[in-house]
Every structure is written in structure tokens, then in C-alpha cells.
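Structure, as C-alpha cells:
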Amino acid sequence: MALRAALRGKSGLAGLLSCSSHGRLCPSSSSISQRNNSSSAKLIVDHDQTTGVAVMHMQSPPVNSLSLDFLTEICITLEKLEMDKGCRGLIITSNQPKVFSAGLDILEMYGKSPERCGEFWKAVQEMWLKLYGSNMVTIAAINGSSPAGGCLMSITCDYRIMADNPRYSIGLNETMLGIVAPFWFKETMVNTVGHRNTEMSLELGLLYKPAEALKIGLVDQLVPEDQVLSAATQTMTKWLAIPEHARQITKSMMRKPTIEKLCSNREADIQNFVSFITKESIQKSLRMYMEMLKQKKA
């Protein structure tokens, strides 16, 4: 509860960061200029002051599902890093075995009040805005499966490195749950793999094995599983060698239209989600999906 309250209290700043400047804000007297490594129940952040690179390890058992609390914690962490002048790059990875993130927490969408669903969706929007509009170089070190919202988090990053393990998969498979990916999911995917691949992927709810994901450009590089983080660190060095101002302006130019489209339609997008997800037919689909998962576990 405290985390959600903190995010609501920062909504003006978050809106300015994500929806107006699309970049690092001028630090105020309250900005953090020196950071030590930090940890919480669900996140560990290691910030190398020498290189200016932070590594955010997700550790929300069992599968890093994006609940409202977890999303809020991610957003607050991203905001702190964005405002830290000493942090130029961010690597996102997982401490949970075999999974990067299983995506949005279904329990946040099933049997909840419209108000709660709206609060949850606003947090999903905020996570996307902070990552997609970040001035930092962002690299997803995908060391496990990354369906749905986990895939969304990955494709908001500048570069994606995935473990070359055929047991893992990645993709926006929302239709398999009876859910329709919103326009900003779709446009992020289009900006990554093109229109036709996105059309096939979203309509069929496809999940791609690493080799398939590399072929269509959903990920940029495959490496052995034990080398994902080291490869991300090496790649980060190349990105940070580019003149920062030119890179940031170019990134903003490429992503600004999609960001502004969501920023100008946030409330309508929330209402569309709430109206859709609370329909009895959609709730039934979610219930059937959860029952199927229980049977698999059994």
C-alpha cells in the first residue's frame, strides 16, 4: 500500500518524465547523486558507480508476475535511476529460475473491482512509459521465458539478449487468454518486428522459441544461458560509447509518436481496459485459464 501511495504522490513527476520530456530531468536538490546497491523483497539493484550501469534483478517468486505492488516497485526504482545523473545504462534480468517474467498477474484482473482494475492498468501504463521513454540505455537480459507482459517489458528496451535455450519462449500471447493487446502493446511490437509479424503474432497469440525470436527480430542476440548477463554488460559498453546527447535525441525521435499517443489517451485506455476485463465472458476465460494452470501443476 505504501508503494502505491508513493507512486500516486509522484504522478506529476512521472507524467513529466514519461509524457513531456521523454528524458532525464534536471536534478533537483532531492535528486540522488550517489547511490549504493539497493535491494527490496522483489528487486535487487546493483549500480556500478564506475561504469554508470545499474543491473535490476527481478525476484518476485515464483515467476516475476507483474502485480500492482511489483509494478509500483519497478516504477519507483526506474524513476530513481532515471534521476540519478551517474546512471547511464540499465540492464534488466531475473533472479528466478527459468523465467524472465511471466507477464501481468492474472489475479490482478480476475474478480477485482473496476477501481482496482483501473489502478492496476495505470501502473502497467506507467511501467511502459518509464521504460520506453527512458534516457538510459536499456538492455533486457532475458534468462528465461518471457510471455505477454514479460515480452512487453523486453521490447521496451533498446536491446534484447536471450538465453539460447529451446525450453524458453517469448511473445505477446494475450489472445490465448481471451485478452486483446492494447494499441501501445501493438505499436511497440510493430516498431520491433514489423507489421506483418506483429499481425500474425498478436492474432494467433504466438510464443517464439529463442531461434525463432531472433529470426523475426524480437530479440537481437542469443547466447548460452550462463553468459546472458556478461553479454549484456559487454553490449552496454558499446552503446555507452555513442555520444549520449545524439543517442538520446534519436531514441526520442523514434519513440515519441507512440509515447505521445498513449499520453494523450491514458484515461480512455484505462476505461477501455476496465470495461473489457470486467465483462463476464472475459472473466470466464480467465477463470478457465487459471483452472488449466492448476491442472498442469497437479
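Letters A, B, ... mark the chains of the C-alpha cells in the order given; residue numbers begin at 1 per chain; ligand numbers begin at 1, in order shown.
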Practice item. Pick out the residues sitting within 9 Å of Gly217 in chain A, and hand them over as a ChimeraX atom specification; count only C-alpha atoms, and ignore anything fewer than 3 positions along from it in its own chain. Key: /A:192-194,212-214,220
Give me a file of those residues, with all heavy atoms, as an mmCIF file, in the first residue's frame.
data_model
loop_
_atom_site.group_PDB
_atom_site.id
_atom_site.type_symbol
_atom_site.label_atom_id
_atom_site.label_comp_id
_atom_site.auth_asym_id
_atom_site.auth_seq_id
_atom_site.Cartn_x
_atom_site.Cartn_y
_atom_site.Cartn_z
ATOM 1 N N THR A 192 9.205 -3.107 -33.375
ATOM 2 C CA THR A 192 10.279 -4.072 -33.144
ATOM 3 C C THR A 192 10.406 -5.083 -34.279
ATOM 4 O O THR A 192 11.504 -5.341 -34.769
ATOM 5 C CB THR A 192 10.044 -4.820 -31.815
ATOM 6 O OG1 THR A 192 9.913 -3.878 -30.749
ATOM 7 C CG2 THR A 192 11.208 -5.759 -31.502
ATOM 8 N N VAL A 193 9.283 -5.659 -34.724
ATOM 9 C CA VAL A 193 9.363 -6.769 -35.690
ATOM 10 C C VAL A 193 8.602 -6.504 -36.983
ATOM 11 O O VAL A 193 8.566 -7.376 -37.860
ATOM 12 C CB VAL A 193 8.861 -8.084 -35.052
ATOM 13 C CG1 VAL A 193 9.691 -8.435 -33.834
ATOM 14 C CG2 VAL A 193 7.371 -8.003 -34.704
ATOM 15 N N GLY A 194 7.992 -5.328 -37.116
ATOM 16 C CA GLY A 194 7.267 -5.025 -38.344
ATOM 17 C C GLY A 194 5.799 -5.406 -38.267
ATOM 18 O O GLY A 194 5.359 -6.149 -37.386
ATOM 19 N N GLU A 212 13.595 -18.668 -33.183
ATOM 20 C CA GLU A 212 12.528 -18.041 -33.958
ATOM 21 C C GLU A 212 12.436 -16.548 -33.637
ATOM 22 O O GLU A 212 12.220 -15.715 -34.528
ATOM 23 C CB GLU A 212 11.197 -18.724 -33.649
ATOM 24 C CG GLU A 212 11.145 -20.202 -34.007
ATOM 25 C CD GLU A 212 9.942 -20.914 -33.425
ATOM 26 O OE1 GLU A 212 9.420 -20.468 -32.375
ATOM 27 O OE2 GLU A 212 9.513 -21.919 -34.016
ATOM 28 N N ALA A 213 12.592 -16.233 -32.360
ATOM 29 C CA ALA A 213 12.539 -14.828 -31.935
ATOM 30 C C ALA A 213 13.670 -14.025 -32.565
ATOM 31 O O ALA A 213 13.484 -12.876 -32.981
ATOM 32 C CB ALA A 213 12.611 -14.739 -30.419
ATOM 33 N N LEU A 214 14.842 -14.627 -32.659
ATOM 34 C CA LEU A 214 15.977 -13.957 -33.295
ATOM 35 C C LEU A 214 15.710 -13.749 -34.782
ATOM 36 O O LEU A 214 16.031 -12.686 -35.338
ATOM 37 C CB LEU A 214 17.250 -14.796 -33.099
ATOM 38 C CG LEU A 214 18.532 -14.225 -33.706
ATOM 39 C CD1 LEU A 214 18.930 -12.925 -33.015
ATOM 40 C CD2 LEU A 214 19.670 -15.245 -33.620
ATOM 41 N N ASP A 220 17.635 -9.594 -30.191
ATOM 42 C CA ASP A 220 18.752 -9.168 -31.027
ATOM 43 C C ASP A 220 19.944 -10.106 -30.992
ATOM 44 O O ASP A 220 20.793 -10.076 -31.883
ATOM 45 C CB ASP A 220 19.219 -7.773 -30.575
ATOM 46 C CG ASP A 220 18.110 -6.737 -30.683
ATOM 47 O OD1 ASP A 220 17.637 -6.500 -31.811
ATOM 48 O OD2 ASP A 220 17.699 -6.190 -29.641
#
Check your understanding: So which residues touch range 243-249 of chain A within 12 Å, counting only C-alpha atoms, skipping near sequence neighbours fewer than 4 positions away, as a PyMOL selection string?
Key -> chain A and resi 21-24+88-89+132-138+158+238-239+253-256
Practice item. Among the residues of range 102-196 of chain A, find those DSSP assigns to strand (DSSP E) from the backbone and print them as a ChimeraX atom specification. Key: /A:137-142,146-147,159-163,170-171
Residues from last step as file, all heavy atoms, as an mmCIF file, in the first residue's frame:
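Generated file (selection_24.cif):
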data_model
loop_
_atom_site.group_PDB
_atom_site.id
_atom_site.type_symbol
_atom_site.label_atom_id
_atom_site.label_comp_id
_atom_site.auth_asym_id
_atom_site.auth_seq_id
_atom_site.Cartn_x
_atom_site.Cartn_y
_atom_site.Cartn_z
ATOM 1 N N VAL A 137 20.351 3.910 -21.572
ATOM 2 C CA VAL A 137 20.419 2.739 -22.436
ATOM 3 C C VAL A 137 19.833 1.577 -21.646
ATOM 4 O O VAL A 137 20.232 1.323 -20.509
ATOM 5 C CB VAL A 137 21.871 2.413 -22.830
ATOM 6 C CG1 VAL A 137 21.921 1.112 -23.622
ATOM 7 C CG2 VAL A 137 22.482 3.548 -23.631
ATOM 8 N N THR A 138 18.861 0.896 -22.218
ATOM 9 C CA THR A 138 18.211 -0.210 -21.514
ATOM 10 C C THR A 138 18.403 -1.510 -22.287
ATOM 11 O O THR A 138 18.161 -1.565 -23.493
ATOM 12 C CB THR A 138 16.708 0.064 -21.329
ATOM 13 O OG1 THR A 138 16.112 0.374 -22.597
ATOM 14 C CG2 THR A 138 16.487 1.239 -20.373
ATOM 15 N N ILE A 139 18.850 -2.531 -21.591
ATOM 16 C CA ILE A 139 19.084 -3.844 -22.195
ATOM 17 C C ILE A 139 18.343 -4.898 -21.385
ATOM 18 O O ILE A 139 18.467 -4.959 -20.158
ATOM 19 C CB ILE A 139 20.582 -4.175 -22.254
ATOM 20 C CG1 ILE A 139 21.311 -3.194 -23.186
ATOM 21 C CG2 ILE A 139 20.801 -5.614 -22.733
ATOM 22 C CD1 ILE A 139 22.812 -3.421 -23.267
ATOM 23 N N ALA A 140 17.556 -5.721 -22.069
ATOM 24 C CA ALA A 140 16.886 -6.844 -21.425
ATOM 25 C C ALA A 140 17.783 -8.064 -21.522
ATOM 26 O O ALA A 140 18.113 -8.508 -22.627
ATOM 27 C CB ALA A 140 15.539 -7.113 -22.083
ATOM 28 N N ALA A 141 18.198 -8.583 -20.380
ATOM 29 C CA ALA A 141 18.990 -9.810 -20.307
ATOM 30 C C ALA A 141 18.016 -10.937 -19.981
ATOM 31 O O ALA A 141 17.767 -11.242 -18.806
ATOM 32 C CB ALA A 141 20.082 -9.691 -19.254
ATOM 33 N N ILE A 142 17.464 -11.549 -21.023
ATOM 34 C CA ILE A 142 16.320 -12.461 -20.889
ATOM 35 C C ILE A 142 16.841 -13.874 -20.619
ATOM 36 O O ILE A 142 17.196 -14.612 -21.541
ATOM 37 C CB ILE A 142 15.451 -12.417 -22.155
ATOM 38 C CG1 ILE A 142 15.097 -10.965 -22.508
ATOM 39 C CG2 ILE A 142 14.183 -13.231 -21.968
ATOM 40 C CD1 ILE A 142 14.547 -10.792 -23.908
ATOM 41 N N SER A 146 9.537 -15.455 -21.356
ATOM 42 C CA SER A 146 9.087 -14.072 -21.226
ATOM 43 C C SER A 146 7.812 -13.847 -22.045
ATOM 44 O O SER A 146 7.814 -13.141 -23.043
ATOM 45 C CB SER A 146 10.200 -13.125 -21.700
ATOM 46 O OG SER A 146 9.901 -11.792 -21.373
ATOM 47 N N PRO A 147 6.697 -14.445 -21.600
ATOM 48 C CA PRO A 147 5.449 -14.268 -22.334
ATOM 49 C C PRO A 147 4.742 -12.970 -21.961
ATOM 50 O O PRO A 147 5.019 -12.357 -20.931
ATOM 51 C CB PRO A 147 4.622 -15.480 -21.874
ATOM 52 C CG PRO A 147 5.089 -15.705 -20.457
ATOM 53 C CD PRO A 147 6.559 -15.376 -20.469
ATOM 54 N N TYR A 159 17.748 -2.996 -26.434
ATOM 55 C CA TYR A 159 18.429 -4.176 -26.972
ATOM 56 C C TYR A 159 18.018 -5.373 -26.124
ATOM 57 O O TYR A 159 17.813 -5.255 -24.906
ATOM 58 C CB TYR A 159 19.945 -3.972 -26.918
ATOM 59 C CG TYR A 159 20.766 -4.920 -27.755
ATOM 60 C CD1 TYR A 159 20.961 -4.692 -29.116
ATOM 61 C CD2 TYR A 159 21.377 -6.039 -27.191
ATOM 62 C CE1 TYR A 159 21.733 -5.552 -29.888
ATOM 63 C CE2 TYR A 159 22.148 -6.907 -27.960
ATOM 64 C CZ TYR A 159 22.324 -6.655 -29.303
ATOM 65 O OH TYR A 159 23.095 -7.507 -30.075
ATOM 66 N N ARG A 160 17.893 -6.541 -26.763
ATOM 67 C CA ARG A 160 17.454 -7.745 -26.076
ATOM 68 C C ARG A 160 18.429 -8.891 -26.328
ATOM 69 O O ARG A 160 18.703 -9.232 -27.487
ATOM 70 C CB ARG A 160 16.051 -8.147 -26.565
ATOM 71 C CG ARG A 160 14.957 -7.243 -26.058
ATOM 72 C CD ARG A 160 13.697 -7.332 -26.888
ATOM 73 N NE ARG A 160 13.890 -6.795 -28.238
ATOM 74 C CZ ARG A 160 13.947 -5.495 -28.513
ATOM 75 N NH1 ARG A 160 13.858 -4.598 -27.547
ATOM 76 N NH2 ARG A 160 14.123 -5.082 -29.746
ATOM 77 N N ILE A 161 18.910 -9.471 -25.267
ATOM 78 C CA ILE A 161 19.784 -10.651 -25.339
ATOM 79 C C ILE A 161 19.060 -11.782 -24.622
ATOM 80 O O ILE A 161 18.652 -11.631 -23.472
ATOM 81 C CB ILE A 161 21.143 -10.388 -24.684
ATOM 82 C CG1 ILE A 161 21.865 -9.230 -25.392
ATOM 83 C CG2 ILE A 161 22.006 -11.650 -24.709
ATOM 84 C CD1 ILE A 161 23.151 -8.796 -24.713
ATOM 85 N N MET A 162 18.900 -12.909 -25.298
ATOM 86 C CA MET A 162 18.132 -14.023 -24.729
ATOM 87 C C MET A 162 18.985 -15.276 -24.607
ATOM 88 O O MET A 162 19.863 -15.531 -25.436
ATOM 89 C CB MET A 162 16.898 -14.320 -25.585
ATOM 90 C CG MET A 162 15.921 -15.306 -24.965
ATOM 91 S SD MET A 162 14.370 -15.436 -25.916
ATOM 92 C CE MET A 162 13.416 -16.477 -24.789
ATOM 93 N N ALA A 163 18.708 -16.052 -23.573
ATOM 94 C CA ALA A 163 19.378 -17.334 -23.401
ATOM 95 C C ALA A 163 18.990 -18.278 -24.532
ATOM 96 O O ALA A 163 17.809 -18.419 -24.860
ATOM 97 C CB ALA A 163 19.001 -17.938 -22.044
ATOM 98 N N ILE A 170 9.145 -16.529 -25.873
ATOM 99 C CA ILE A 170 8.845 -15.107 -25.706
ATOM 100 C C ILE A 170 7.786 -14.695 -26.721
ATOM 101 O O ILE A 170 7.777 -15.194 -27.845
ATOM 102 C CB ILE A 170 10.123 -14.251 -25.865
ATOM 103 C CG1 ILE A 170 9.832 -12.767 -25.574
ATOM 104 C CG2 ILE A 170 10.762 -14.432 -27.231
ATOM 105 C CD1 ILE A 170 11.097 -11.917 -25.523
ATOM 106 N N GLY A 171 6.896 -13.801 -26.337
ATOM 107 C CA GLY A 171 5.888 -13.324 -27.272
ATOM 108 C C GLY A 171 4.717 -12.677 -26.552
ATOM 109 O O GLY A 171 4.537 -12.850 -25.350
#
Exercise for review: Using only C-alpha atoms, determine which residues lie at most 8 Å from Thr258 in chain A, disregarding the query and same-chain residues fewer than 4 positions distant; provide the list as a list in words.
Suggested key: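 In the requested format, the answer is Trp184, Glu187, Thr188 and Leu262 of chain A.
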Could you write out the selected residues, including N, CA and C atoms, as a PDB file, in the first residue's frame?
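File written: again09.pdb
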ATOM      1  N   TRP A 184      -0.879   0.275 -27.642  1.00  0.00           N
ATOM      2  CA  TRP A 184       0.526   0.581 -27.358  1.00  0.00           C
ATOM      3  C   TRP A 184       1.368  -0.678 -27.214  1.00  0.00           C
ATOM      4  N   GLU A 187       1.800  -1.338 -31.048  1.00  0.00           N
ATOM      5  CA  GLU A 187       2.736  -0.445 -31.733  1.00  0.00           C
ATOM      6  C   GLU A 187       4.174  -0.679 -31.291  1.00  0.00           C
ATOM      7  N   THR A 188       4.372  -1.048 -30.029  1.00  0.00           N
ATOM      8  CA  THR A 188       5.727  -1.400 -29.586  1.00  0.00           C
ATOM      9  C   THR A 188       6.227  -2.622 -30.331  1.00  0.00           C
ATOM     10  N   LEU A 262      -0.154   7.377 -26.330  1.00  0.00           N
ATOM     11  CA  LEU A 262      -0.686   6.865 -25.073  1.00  0.00           C
ATOM     12  C   LEU A 262      -0.923   8.003 -24.080  1.00  0.00           C
TER      13      LEU A 262
END
Practice item. Name all residues at most 7 Å from range 63-79 of chain A (count only C-alpha atoms; drop same-chain ones fewer than 5 positions away) and give them as number ranges by chain. Key: A: 3-4, 7, 58, 96, 99, 101-105, 108, 120, 123-124, 126-127, 130
Practice item. Rounded to one decimal place, report the CA of Ala211 in chain A-CA of Glu199 in chain A distance in Å. Key: 19.5 Å
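With distances restricted to only C-alpha atoms, A:Ala54 is the closest residue to Gly86 in chain A from A:Ala54, A:Met292, A:Leu286, A:Val180.
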Review point. Using only C-alpha atoms, which residues sit within 12 Å of range 204-207 of chain A once same-chain residues fewer than 4 positions away are excluded, as a count of residues only?
Key: 30
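The residue that comes closest to Lys279 in chain A, out of A:Lys112, A:Arg266, A:Arg196, A:His57 and on the basis of only C-alpha atoms, is A:Lys112.
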Once DSSP has gone over the backbone, tell me which residues of range 100-191 of chain A are in alpha helix (DSSP H), as a short mmCIF file (atom, residue, chain, number, x, y, z; two decimals) with N, CA, C and O atoms, in the first residue's frame.
data_model
loop_
_atom_site.label_atom_id
_atom_site.label_comp_id
_atom_site.auth_asym_id
_atom_site.auth_seq_id
_atom_site.Cartn_x
_atom_site.Cartn_y
_atom_site.Cartn_z
N PRO A 114 -13.82 -2.68 -10.52
CA PRO A 114 -13.37 -1.80 -11.61
C PRO A 114 -12.31 -0.81 -11.15
O PRO A 114 -11.37 -0.52 -11.90
N GLU A 115 -12.44 -0.31 -9.91
CA GLU A 115 -11.47 0.66 -9.39
C GLU A 115 -10.09 0.02 -9.27
O GLU A 115 -9.09 0.63 -9.64
N ARG A 116 -10.05 -1.18 -8.75
CA ARG A 116 -8.77 -1.88 -8.60
C ARG A 116 -8.17 -2.21 -9.97
O ARG A 116 -6.96 -2.05 -10.18
N CYS A 117 -9.01 -2.63 -10.91
CA CYS A 117 -8.52 -2.92 -12.26
C CYS A 117 -7.94 -1.67 -12.90
O CYS A 117 -6.91 -1.73 -13.59
N GLY A 118 -8.59 -0.53 -12.68
CA GLY A 118 -8.09 0.72 -13.24
C GLY A 118 -6.76 1.12 -12.63
O GLY A 118 -5.86 1.60 -13.35
N GLU A 119 -6.62 0.92 -11.34
CA GLU A 119 -5.36 1.24 -10.67
C GLU A 119 -4.23 0.35 -11.18
O GLU A 119 -3.11 0.81 -11.43
N PHE A 120 -4.54 -0.92 -11.39
CA PHE A 120 -3.57 -1.86 -11.92
C PHE A 120 -3.13 -1.46 -13.32
O PHE A 120 -1.93 -1.41 -13.63
N TRP A 121 -4.10 -1.12 -14.19
CA TRP A 121 -3.75 -0.79 -15.57
C TRP A 121 -2.93 0.49 -15.66
O TRP A 121 -2.04 0.61 -16.50
N LYS A 122 -3.23 1.44 -14.78
CA LYS A 122 -2.45 2.67 -14.76
C LYS A 122 -0.99 2.37 -14.42
O LYS A 122 -0.06 2.98 -14.97
N ALA A 123 -0.75 1.40 -13.53
CA ALA A 123 0.61 1.01 -13.19
C ALA A 123 1.30 0.32 -14.36
O ALA A 123 2.51 0.49 -14.57
N VAL A 124 0.54 -0.47 -15.13
CA VAL A 124 1.11 -1.10 -16.33
C VAL A 124 1.53 -0.02 -17.33
O VAL A 124 2.63 -0.06 -17.89
N GLN A 125 0.66 0.96 -17.54
CA GLN A 125 1.00 2.08 -18.42
C GLN A 125 2.27 2.78 -17.93
O GLN A 125 3.16 3.10 -18.73
N GLU A 126 2.34 3.02 -16.64
CA GLU A 126 3.47 3.78 -16.08
C GLU A 126 4.78 3.04 -16.27
O GLU A 126 5.81 3.63 -16.61
N MET A 127 4.76 1.73 -16.07
CA MET A 127 5.96 0.92 -16.29
C MET A 127 6.43 1.05 -17.73
O MET A 127 7.62 1.26 -18.00
N TRP A 128 5.49 0.94 -18.67
CA TRP A 128 5.85 1.05 -20.09
C TRP A 128 6.39 2.44 -20.42
O TRP A 128 7.40 2.57 -21.12
N LEU A 129 5.73 3.47 -19.94
CA LEU A 129 6.16 4.84 -20.22
C LEU A 129 7.57 5.10 -19.68
O LEU A 129 8.40 5.72 -20.36
N LYS A 130 7.84 4.63 -18.50
CA LYS A 130 9.16 4.88 -17.90
C LYS A 130 10.27 4.13 -18.64
O LYS A 130 11.37 4.65 -18.79
N LEU A 131 9.97 2.92 -19.10
CA LEU A 131 10.99 2.16 -19.81
C LEU A 131 11.13 2.61 -21.26
O LEU A 131 12.23 2.82 -21.76
N TYR A 132 10.01 2.75 -21.95
CA TYR A 132 10.06 3.09 -23.37
C TYR A 132 10.57 4.51 -23.59
O TYR A 132 11.20 4.81 -24.60
N GLY A 149 3.21 -9.81 -20.77
CA GLY A 149 3.79 -8.61 -20.19
C GLY A 149 5.29 -8.68 -20.01
O GLY A 149 5.97 -7.65 -20.02
N GLY A 150 5.83 -9.88 -19.87
CA GLY A 150 7.28 -10.03 -19.81
C GLY A 150 7.92 -9.69 -21.14
O GLY A 150 8.98 -9.07 -21.20
N CYS A 151 7.24 -10.08 -22.22
CA CYS A 151 7.70 -9.72 -23.57
C CYS A 151 7.59 -8.21 -23.76
O CYS A 151 8.51 -7.58 -24.31
N LEU A 152 6.50 -7.61 -23.28
CA LEU A 152 6.35 -6.16 -23.40
C LEU A 152 7.50 -5.44 -22.72
O LEU A 152 8.09 -4.51 -23.28
N MET A 153 7.83 -5.86 -21.50
CA MET A 153 8.94 -5.25 -20.79
C MET A 153 10.23 -5.37 -21.60
O MET A 153 11.02 -4.43 -21.69
N SER A 154 10.43 -6.52 -22.22
CA SER A 154 11.64 -6.76 -23.00
C SER A 154 11.72 -5.84 -24.22
O SER A 154 12.77 -5.26 -24.52
N ILE A 155 10.61 -5.69 -24.94
CA ILE A 155 10.66 -4.92 -26.19
C ILE A 155 10.61 -3.41 -25.95
O ILE A 155 10.78 -2.64 -26.90
N PHE A 183 -3.41 -0.88 -28.02
CA PHE A 183 -2.69 -0.31 -29.17
C PHE A 183 -1.22 -0.08 -28.88
O PHE A 183 -0.37 -0.23 -29.77
N TRP A 184 -0.88 0.27 -27.64
CA TRP A 184 0.53 0.58 -27.36
C TRP A 184 1.37 -0.68 -27.21
O TRP A 184 2.57 -0.65 -27.48
N PHE A 185 0.77 -1.80 -26.82
CA PHE A 185 1.46 -3.09 -26.94
C PHE A 185 1.74 -3.36 -28.41
O PHE A 185 2.85 -3.71 -28.80
N LYS A 186 0.67 -3.21 -29.22
CA LYS A 186 0.77 -3.50 -30.65
C LYS A 186 1.82 -2.64 -31.33
O LYS A 186 2.65 -3.14 -32.10
N GLU A 187 1.80 -1.34 -31.05
CA GLU A 187 2.74 -0.45 -31.73
C GLU A 187 4.17 -0.68 -31.29
O GLU A 187 5.10 -0.54 -32.09
N THR A 188 4.37 -1.05 -30.03
CA THR A 188 5.73 -1.40 -29.59
C THR A 188 6.23 -2.62 -30.33
O THR A 188 7.39 -2.70 -30.74
N MET A 189 5.34 -3.58 -30.55
CA MET A 189 5.70 -4.79 -31.29
C MET A 189 5.97 -4.47 -32.75
O MET A 189 6.95 -4.97 -33.33
N VAL A 190 5.10 -3.65 -33.35
CA VAL A 190 5.32 -3.25 -34.75
C VAL A 190 6.66 -2.55 -34.91
O VAL A 190 7.40 -2.81 -35.87
N ASN A 191 6.99 -1.69 -33.97
CA ASN A 191 8.26 -0.96 -34.03
C ASN A 191 9.46 -1.90 -33.87
O ASN A 191 10.59 -1.53 -34.20
#
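Straight-line separation from CA of Pro62 in chain A to CA of Gln227 in chain A: 22.6 Å.
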Point to revise | Near-Pro61 in chain A list (10 Å; only C-alpha atoms; drop same-chain fewer than 6 positions) as a ChimeraX atom specification | key: /A:41-42,95-97
Study note, to complete from the structure: Taken to one decimal, the CA of Ile91 in chain A-CA of Met56 in chain A distance is 6.1 Å
